[in-house]
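Structure, as structure tokens:
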Amino acid sequence: MRLLAYSNPFVDMTHIPAADLATKLAELAPGDLNHVFFTTGGSTANDMAYRLAQFYHAIRGLPEKRHVISRVDAYHGQTYASVSIGGKPGDRVEELEFLDNVHLLSSPNIYRYGGGLAEEAFADKLYAEFAELVAELGGPGHVSAFFAEPIMGSGGVVPPPANYLERIWKYCRDNDIIYVSDEVVTGFGRLGEWFASEKIFGIQPDIITTAKGLTSGYLPLGAVIFSDRIFEVISETGKGPGYLPMGYTYGGHPVSCAAALKNIEILEDEGILEHVREIGPYFMERLNSLRDLPMVGDVRGSHLMVCIEFVRDSATGEEYPYQVDIGKRVSNECDARGLIVRPVENLNIMSPPLIITKEQVD
């Protein structure tokens with residue numbers, strides 16, 4: 001902070017912590033994601049990703065590629081664009097308006113919406129719905145981007161069934177649709193990898209958005225990491241205004257960037273990602289032991305990103321009435337025992353520290 005408390009992040013200005021961090025993120029990100037735009041958090045990162053995709057197509061003379069596809073139960077932030085792209089019913093209240101070019105697919109929650117289908121059959125159904133929606137919108141020539149969390153976070157910690165996300169990514173790759181992977185939660189060790197998209201799910205996104213684990217929450221910072229292909233197009237001269245008018249006063253703040261660099265250094269030096277890969281399956285195993293409780297309907301997630309869904313009857317999956325507020329009642333009992341969990345209606349969501357031990361899991 002004494003070295004540089006603040007620096008103007010606009011136009012041709014930068015500073016050493018931001019330059020070093022951008023270099024490090026390009027090194028850690030998969031494929032040709034070699035360019036970084038810093039924001040203030042996950043919401044602003046997804047907002048920027050939306051505008052970046054729209055600008056990318058428009059500057060190529062394809063302004064009709066404007067529709068964006070997301071999913072029910074998705075969460076992408078709280079700016080106007082990012083909340084519009086999100087699909088959590090509780091965020092899409094009728095008193096507010098949302099972007100009219102965003103279209104939501106069904107939730108991939110097989111426990112709640114699978115209808116008894118096997119996982120692969122459910123994945124087939126979801127993929128077919130995606131392809132049908134693209135066709136309804138006029139074909140790939142009218143679709144700008146697809147947004148997806150590798151594992152849904154706030155929408156109930158929902159892992160993707162079978163290979164349906166990978167199939168959507170391949171469709172996007174082959175049809176000039178930007179694939180945005182929202183790794184605000186899954187990035188930086190939560191699943192034992194720097195980024196989950198490629199390593200775990202076989203996806204090479206065009207854009208990755210990240211925040212949270214980037215600094216381990218010590219200071220606010222977000223980042224949009226995007227491909228050489230996008231950078232080369234938006235950097236061309238003689239088309240449109242020649243620049244994307246976008247920026248945040250505190251985007252890439254030098255103190256936040258310094259904290260992120262130190263955070264990444266600690267993750268590397270102390271082998272924390274390796275620890276998550278070891279402790280994560282044990283955490284899942286111990287939580288799954290709660291399935292014999294009548295009020296536990298589902299335990300889902302991966303590594304240190306897990307959720308328990310409570311039900312009135314585990315045999316039928318009947319939900320508790322909203323008024324019971326079961327998630328909060330359970331979290332209150334946890335609070336009294338010194339354990340923080342996150343209540344979301346009938347859920348308790350858990351994202352424990354990456355350094356959690358087996359004894360603490362027990």
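Letters A, B, ... go to the chains of the structure tokens in the order shown; residues in each chain start at 1; ligands are counted from 1 in the same order.
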
Can I get the residues of region 162-237 of chain A within 12 Å of region 286-303 of chain A, each with the closest pair of atoms and their distance in Å to one decimal, using only C-alpha atoms, sorted chain first then ascending number, as CSV?
```
residue,atom,partner,partner_atom,distance
A:Val185,CA,A:Ser302,CA,11.9
A:Thr186,CA,A:Ser302,CA,9.8
A:Gly189,CA,A:His303,CA,9.4
A:Arg190,CA,A:His303,CA,7.0
A:Leu191,CA,A:His303,CA,5.3
A:Gly192,CA,A:His303,CA,7.2
A:Glu193,CA,A:His303,CA,10.4
A:Ala196,CA,A:Ser302,CA,10.9
A:Ile200,CA,A:Ser302,CA,10.6
```

(request) Pick out the residues sitting within 8 Å of region 29-38 of chain A, and hand them over as a ChimeraX atom specification; count only C-alpha atoms, and ignore anything fewer than 2 positions along from it in its own chain. (result) /A:22-23,25-27,40,45,194-195,198,204,206-207,221-228,231,251-252

Residues of the last selection are to be written out with N, CA and C atoms, as a CSV table (one decimal), in the first residue's frame.
```
chain,number,residue,atom,x,y,z
A,22,ALA,N,-2.0,-10.1,-14.3
A,22,ALA,CA,-2.5,-10.5,-15.6
A,22,ALA,C,-1.7,-11.6,-16.3
A,23,THR,N,-0.3,-11.4,-16.2
A,23,THR,CA,0.6,-12.4,-16.7
A,23,THR,C,0.4,-13.8,-16.0
A,25,LEU,N,-2.4,-14.9,-14.5
A,25,LEU,CA,-3.7,-15.4,-14.8
A,25,LEU,C,-3.6,-16.1,-16.2
A,26,ALA,N,-3.0,-15.4,-17.1
A,26,ALA,CA,-2.8,-16.0,-18.5
A,26,ALA,C,-2.1,-17.3,-18.5
A,27,GLU,N,-1.1,-17.4,-17.6
A,27,GLU,CA,-0.3,-18.6,-17.4
A,27,GLU,C,-1.2,-19.7,-16.8
A,40,THR,N,-14.2,-5.3,-10.3
A,40,THR,CA,-14.2,-5.1,-8.8
A,40,THR,C,-14.8,-6.4,-8.1
A,45,ALA,N,-17.5,-8.6,-13.4
A,45,ALA,CA,-16.8,-9.5,-14.4
A,45,ALA,C,-17.8,-10.1,-15.4
A,194,TRP,N,-7.0,-24.8,-10.5
A,194,TRP,CA,-7.0,-23.4,-10.7
A,194,TRP,C,-8.3,-23.0,-11.3
A,195,PHE,N,-8.7,-23.7,-12.4
A,195,PHE,CA,-9.9,-23.5,-13.1
A,195,PHE,C,-10.5,-24.9,-13.4
A,198,GLU,N,-11.7,-26.8,-18.0
A,198,GLU,CA,-11.0,-27.7,-18.8
A,198,GLU,C,-10.6,-29.0,-18.1
A,204,GLN,N,-13.1,-25.8,-23.1
A,204,GLN,CA,-12.2,-24.7,-23.3
A,204,GLN,C,-13.0,-23.5,-23.6
A,206,ASP,N,-14.3,-19.5,-24.2
A,206,ASP,CA,-13.8,-18.3,-24.8
A,206,ASP,C,-13.5,-17.2,-23.8
A,207,ILE,N,-14.3,-17.3,-22.7
A,207,ILE,CA,-14.1,-16.3,-21.6
A,207,ILE,C,-14.3,-17.0,-20.3
A,221,LEU,N,-11.9,-8.0,-5.9
A,221,LEU,CA,-11.2,-8.0,-7.2
A,221,LEU,C,-11.9,-9.1,-8.0
A,222,GLY,N,-12.1,-8.8,-9.3
A,222,GLY,CA,-12.6,-9.7,-10.3
A,222,GLY,C,-11.8,-9.6,-11.5
A,223,ALA,N,-12.0,-10.6,-12.4
A,223,ALA,CA,-11.2,-10.6,-13.7
A,223,ALA,C,-12.0,-11.3,-14.8
A,224,VAL,N,-11.9,-10.8,-16.0
A,224,VAL,CA,-12.4,-11.4,-17.2
A,224,VAL,C,-11.2,-11.9,-18.0
A,225,ILE,N,-11.1,-13.2,-18.2
A,225,ILE,CA,-9.9,-13.7,-18.9
A,225,ILE,C,-10.4,-14.2,-20.2
A,226,PHE,N,-9.9,-13.7,-21.3
A,226,PHE,CA,-10.5,-14.0,-22.6
A,226,PHE,C,-9.4,-14.3,-23.7
A,227,SER,N,-9.9,-14.9,-24.8
A,227,SER,CA,-9.1,-15.6,-25.8
A,227,SER,C,-8.3,-14.6,-26.7
A,228,ASP,N,-7.3,-15.1,-27.3
A,228,ASP,CA,-6.5,-14.4,-28.3
A,228,ASP,C,-7.5,-14.0,-29.4
A,231,PHE,N,-9.5,-11.0,-28.5
A,231,PHE,CA,-8.6,-9.8,-28.4
A,231,PHE,C,-8.2,-9.2,-29.7
A,251,GLY,N,-11.3,-1.2,-10.6
A,251,GLY,CA,-10.9,-2.4,-11.3
A,251,GLY,C,-9.4,-2.6,-11.4
A,252,GLY,N,-8.9,-3.7,-10.9
A,252,GLY,CA,-7.5,-3.9,-10.9
A,252,GLY,C,-6.8,-3.0,-10.0
```

(request) Go ahead and compute the interatomic distance for CA of Ala18 (chain A) and CA of Cys257 (chain A), in Å to one decimal. (result) 5.7 Å

(message) Here is a test: counting only C-alpha atoms, which residue of A:Ala258, A:Met48, A:Leu133, A:Val83 is nearest to Asp20 (chain A)?
(response)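 Going through A:Ala258, A:Met48, A:Leu133, A:Val83 one by one, the smallest distance to Asp20 (chain A) is for A:Ala258.
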
Test item: residues at most 12 Å from Tyr75 (chain A), only C-alpha atoms, excluding those fewer than 5 positions along its chain, as a CSV table (one decimal) with C-alpha atoms, in the first residue's frame:
```csv
chain,number,residue,atom,x,y,z
A,42,GLY,CA,-17.9,-11.4,-9.9
A,43,SER,CA,-20.9,-9.3,-10.9
A,46,ASN,CA,-19.9,-11.1,-15.8
A,70,SER,CA,-28.4,-19.0,-19.6
A,81,ALA,CA,-26.7,-7.4,-17.1
A,82,SER,CA,-25.5,-10.1,-14.7
A,83,VAL,CA,-28.7,-10.4,-12.8
A,84,SER,CA,-30.6,-10.6,-16.1
A,85,ILE,CA,-28.3,-13.5,-17.2
A,86,GLY,CA,-29.0,-15.2,-13.9
A,87,GLY,CA,-31.9,-17.5,-13.5
A,88,LYS,CA,-32.6,-17.7,-9.8
A,89,PRO,CA,-36.3,-17.3,-9.4
A,90,GLY,CA,-35.8,-15.3,-6.2
A,91,ASP,CA,-33.8,-12.7,-8.0
A,92,ARG,CA,-36.2,-12.3,-11.0
A,104,LEU,CA,-33.3,-19.3,-19.9
A,107,SER,CA,-32.3,-26.1,-14.5
A,147,PHE,CA,-23.2,-18.4,-19.9
A,148,ALA,CA,-22.7,-21.3,-17.4
A,149,GLU,CA,-21.1,-22.0,-14.1
A,150,PRO,CA,-19.3,-25.4,-14.3
A,151,ILE,CA,-21.1,-26.2,-11.1
A,152,MET,CA,-24.0,-23.9,-10.1
A,153,GLY,CA,-23.3,-22.2,-6.8
A,154,SER,CA,-26.0,-20.0,-5.3
A,155,GLY,CA,-28.7,-21.8,-7.3
A,156,GLY,CA,-28.2,-24.9,-5.2
A,157,VAL,CA,-24.7,-26.4,-5.9
A,158,VAL,CA,-25.8,-28.2,-9.0
A,181,SER,CA,-17.6,-20.0,-18.0
A,182,ASP,CA,-18.4,-18.3,-14.8
A,183,GLU,CA,-15.7,-19.6,-12.4
A,184,VAL,CA,-16.3,-17.0,-9.7
A,185,VAL,CA,-17.0,-19.9,-7.2
```

Could I get the residues of region 135-230 of chain A with an atom no further than 9 Å from an atom of region 110-123 of chain A, each paired with its nearest atom pair and that distance in Å to one decimal, using only C-alpha atoms, sorted by chain and residue number, as CSV?
```
residue,atom,partner,partner_atom,distance
A:Val158,CA,A:Ile110,CA,8.4
A:Pro160,CA,A:Ala123,CA,8.2
A:Pro161,CA,A:Ala123,CA,5.6
A:Ala162,CA,A:Glu120,CA,5.6
A:Asn163,CA,A:Ala123,CA,6.9
A:Tyr164,CA,A:Ala123,CA,5.1
A:Leu165,CA,A:Ala123,CA,8.6
```

Can you write out the residues you just picked, keeping N, CA and C atoms, as an mmCIF file, in the first residue's frame?
```
data_model
loop_
_atom_site.group_PDB
_atom_site.id
_atom_site.type_symbol
_atom_site.label_atom_id
_atom_site.label_comp_id
_atom_site.auth_asym_id
_atom_site.auth_seq_id
_atom_site.Cartn_x
_atom_site.Cartn_y
_atom_site.Cartn_z
ATOM 1 N N VAL A 158 -25.323 -27.259 -8.068
ATOM 2 C CA VAL A 158 -25.840 -28.243 -9.023
ATOM 3 C C VAL A 158 -24.739 -28.641 -10.007
ATOM 4 N N PRO A 160 -23.214 -30.474 -13.324
ATOM 5 C CA PRO A 160 -23.847 -30.776 -14.608
ATOM 6 C C PRO A 160 -23.990 -32.278 -14.811
ATOM 7 N N PRO A 161 -25.122 -32.746 -15.304
ATOM 8 C CA PRO A 161 -25.281 -34.176 -15.565
ATOM 9 C C PRO A 161 -24.470 -34.614 -16.777
ATOM 10 N N ALA A 162 -23.870 -35.796 -16.678
ATOM 11 C CA ALA A 162 -23.134 -36.425 -17.780
ATOM 12 C C ALA A 162 -22.262 -35.403 -18.500
ATOM 13 N N ASN A 163 -22.343 -35.345 -19.831
ATOM 14 C CA ASN A 163 -21.466 -34.469 -20.613
ATOM 15 C C ASN A 163 -22.242 -33.353 -21.309
ATOM 16 N N TYR A 164 -23.340 -32.921 -20.707
ATOM 17 C CA TYR A 164 -24.193 -31.976 -21.429
ATOM 18 C C TYR A 164 -23.541 -30.609 -21.613
ATOM 19 N N LEU A 165 -22.774 -30.135 -20.633
ATOM 20 C CA LEU A 165 -22.092 -28.856 -20.809
ATOM 21 C C LEU A 165 -21.009 -28.950 -21.871
#
```

(request) Go through A:Gly338, A:Pro352, A:Gly327, A:Pro254 one by one, measure the shortest atom-to-atom distance of each to Ala19 (chain A) using only C-alpha atoms, and give the residue with the smallest value. (result) A:Pro254

(request) Write out as a PyMOL selection string the residues lying within 8 Å of region 262-271 of chain A, counting only C-alpha atoms and excluding same-chain residues fewer than 4 positions away. (result) chain A and resi 214-216+258+275

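Picture a line from CA of Pro159 (chain A) to CA of Phe98 (chain A); it runs 26.2 Å.
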
(request) Name the residues in contact with Ile279 (chain A) at a cut-off of 8 Å, using only C-alpha atoms, excluding same-chain residues fewer than 2 positions from it; report them as a list of chain:residue names. (result) A:His275, A:Val276, A:Arg277, A:Pro281, A:Tyr282, A:Phe283, A:His303, A:Ile356, A:Thr357, A:Lys358

Print the selection's residues with N, CA and C atoms to a file, as a JSON list (two decimals), in the first residue's frame.
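What landed in result.json:
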```
[["chain", "number", "residue", "atom", "x", "y", "z"],
["A", 275, "HIS", "N", -4.09, -30.37, -1.54],
["A", 275, "HIS", "CA", -4.81, -30.70, -0.30],
["A", 275, "HIS", "C", -6.31, -30.81, -0.56],
["A", 276, "VAL", "N", -6.85, -29.88, -1.37],
["A", 276, "VAL", "CA", -8.28, -29.93, -1.69],
["A", 276, "VAL", "C", -8.63, -31.21, -2.43],
["A", 277, "ARG", "N", -7.76, -31.62, -3.35],
["A", 277, "ARG", "CA", -8.02, -32.86, -4.09],
["A", 277, "ARG", "C", -8.04, -34.07, -3.18],
["A", 281, "PRO", "N", -12.89, -35.31, -1.51],
["A", 281, "PRO", "CA", -13.67, -36.55, -1.53],
["A", 281, "PRO", "C", -14.04, -37.04, -0.13],
["A", 282, "TYR", "N", -13.17, -36.78, 0.85],
["A", 282, "TYR", "CA", -13.49, -37.18, 2.23],
["A", 282, "TYR", "C", -14.65, -36.35, 2.77],
["A", 283, "PHE", "N", -14.63, -35.05, 2.46],
["A", 283, "PHE", "CA", -15.73, -34.16, 2.87],
["A", 283, "PHE", "C", -17.06, -34.65, 2.29],
["A", 303, "HIS", "N", -15.88, -31.83, -4.07],
["A", 303, "HIS", "CA", -14.77, -31.33, -3.27],
["A", 303, "HIS", "C", -15.27, -30.39, -2.16],
["A", 356, "ILE", "N", -9.17, -26.80, 5.33],
["A", 356, "ILE", "CA", -9.88, -27.61, 6.32],
["A", 356, "ILE", "C", -9.21, -28.98, 6.47],
["A", 357, "THR", "N", -9.20, -29.49, 7.69],
["A", 357, "THR", "CA", -8.56, -30.77, 7.98],
["A", 357, "THR", "C", -9.61, -31.87, 8.12],
["A", 358, "LYS", "N", -9.17, -33.13, 8.14],
["A", 358, "LYS", "CA", -10.09, -34.24, 8.34],
["A", 358, "LYS", "C", -10.80, -34.13, 9.68]]
```

(request) Show which residues sit within 12 Å of Ile177 (chain A), as a PyMOL selection string. Count only C-alpha atoms, and ignore same-chain residues fewer than 5 positions away. (result) chain A and resi 53-54+56-57+62+65-69+134+139-147+168-172+205-207+230

(request) Run DSSP on the backbone and give me the residues of region 43-265 of chain A it puts in strand (DSSP E), as a ChimeraX atom specification. (result) /A:67-71,102-105,143-148,178-182,207-210,222-227

Expected file: the selected residues, C-alpha atoms, as a short mmCIF file (atom, residue, chain, number, x, y, z; two decimals), in the first residue's frame:
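Result saved to out.cif:
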```
data_model
loop_
_atom_site.label_atom_id
_atom_site.label_comp_id
_atom_site.auth_asym_id
_atom_site.auth_seq_id
_atom_site.Cartn_x
_atom_site.Cartn_y
_atom_site.Cartn_z
CA HIS A 67 -29.24 -13.18 -27.90
CA VAL A 68 -27.75 -14.68 -24.74
CA ILE A 69 -28.60 -18.09 -23.30
CA SER A 70 -28.41 -19.00 -19.62
CA ARG A 71 -30.28 -21.38 -17.30
CA VAL A 102 -31.57 -13.20 -22.35
CA HIS A 103 -33.25 -16.61 -22.57
CA LEU A 104 -33.26 -19.28 -19.87
CA LEU A 105 -32.99 -23.04 -20.32
CA VAL A 143 -26.94 -15.99 -30.64
CA SER A 144 -24.11 -14.06 -28.99
CA ALA A 145 -23.13 -16.12 -25.95
CA PHE A 146 -23.90 -18.94 -23.57
CA PHE A 147 -23.18 -18.37 -19.87
CA ALA A 148 -22.70 -21.26 -17.42
CA ILE A 178 -19.08 -17.25 -27.23
CA TYR A 179 -18.91 -19.73 -24.34
CA VAL A 180 -18.55 -17.89 -21.01
CA SER A 181 -17.55 -20.04 -18.05
CA ASP A 182 -18.41 -18.33 -14.76
CA ILE A 207 -14.10 -16.29 -21.62
CA ILE A 208 -13.62 -17.18 -17.96
CA THR A 209 -14.90 -14.86 -15.25
CA THR A 210 -13.48 -15.08 -11.76
CA GLY A 222 -12.63 -9.73 -10.28
CA ALA A 223 -11.20 -10.63 -13.65
CA VAL A 224 -12.40 -11.41 -17.18
CA ILE A 225 -9.92 -13.72 -18.90
CA PHE A 226 -10.50 -13.97 -22.64
CA SER A 227 -9.07 -15.55 -25.76
#
```

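From CA of Gly213 (chain A) back to CA of Phe188 (chain A), the distance works out to 5.3 Å.
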
Assign secondary structure with DSSP using the backbone only, and return the residues of region 135-221 of chain A in helix (DSSP H, G or I) as a PDB file with C-alpha atoms, in the first residue's frame.
```
ATOM      1  CA  ALA A 135     -33.182 -22.670 -33.637  1.00  0.00           C
ATOM      2  CA  GLU A 136     -36.143 -20.715 -32.221  1.00  0.00           C
ATOM      3  CA  PRO A 140     -26.520 -19.527 -34.337  1.00  0.00           C
ATOM      4  CA  GLY A 141     -26.305 -16.352 -36.410  1.00  0.00           C
ATOM      5  CA  HIS A 142     -28.553 -14.667 -33.833  1.00  0.00           C
ATOM      6  CA  TYR A 164     -24.193 -31.976 -21.429  1.00  0.00           C
ATOM      7  CA  LEU A 165     -22.092 -28.856 -20.809  1.00  0.00           C
ATOM      8  CA  GLU A 166     -19.247 -30.251 -22.906  1.00  0.00           C
ATOM      9  CA  ARG A 167     -21.685 -30.903 -25.770  1.00  0.00           C
ATOM     10  CA  ILE A 168     -23.038 -27.348 -25.532  1.00  0.00           C
ATOM     11  CA  TRP A 169     -19.473 -26.010 -25.580  1.00  0.00           C
ATOM     12  CA  LYS A 170     -18.684 -27.989 -28.738  1.00  0.00           C
ATOM     13  CA  TYR A 171     -21.849 -26.634 -30.371  1.00  0.00           C
ATOM     14  CA  CYS A 172     -20.817 -23.085 -29.426  1.00  0.00           C
ATOM     15  CA  ARG A 173     -17.267 -23.655 -30.711  1.00  0.00           C
ATOM     16  CA  ASP A 174     -18.550 -24.937 -34.062  1.00  0.00           C
ATOM     17  CA  ALA A 196     -12.466 -26.324 -13.370  1.00  0.00           C
ATOM     18  CA  SER A 197     -13.669 -25.812 -16.943  1.00  0.00           C
ATOM     19  CA  GLU A 198     -11.004 -27.724 -18.836  1.00  0.00           C
ATOM     20  CA  LYS A 199      -9.418 -29.857 -16.130  1.00  0.00           C
ATOM     21  CA  ILE A 200     -12.654 -31.307 -14.753  1.00  0.00           C
ATOM     22  CA  PHE A 201     -15.313 -30.779 -17.410  1.00  0.00           C
ATOM     23  CA  LYS A 212     -13.825 -14.646  -4.788  1.00  0.00           C
ATOM     24  CA  GLY A 213     -10.958 -17.156  -4.624  1.00  0.00           C
ATOM     25  CA  LEU A 214      -8.758 -14.881  -6.722  1.00  0.00           C
TER      26      LEU A 214
END
```

(message) Given only C-alpha atoms as the basis, pick out the residue of A:Pro220, A:Met284, A:Ala128, A:Leu304 nearest to Ser256 (chain A).
(response)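 Under the stated criterion, the closest residue is A:Pro220.
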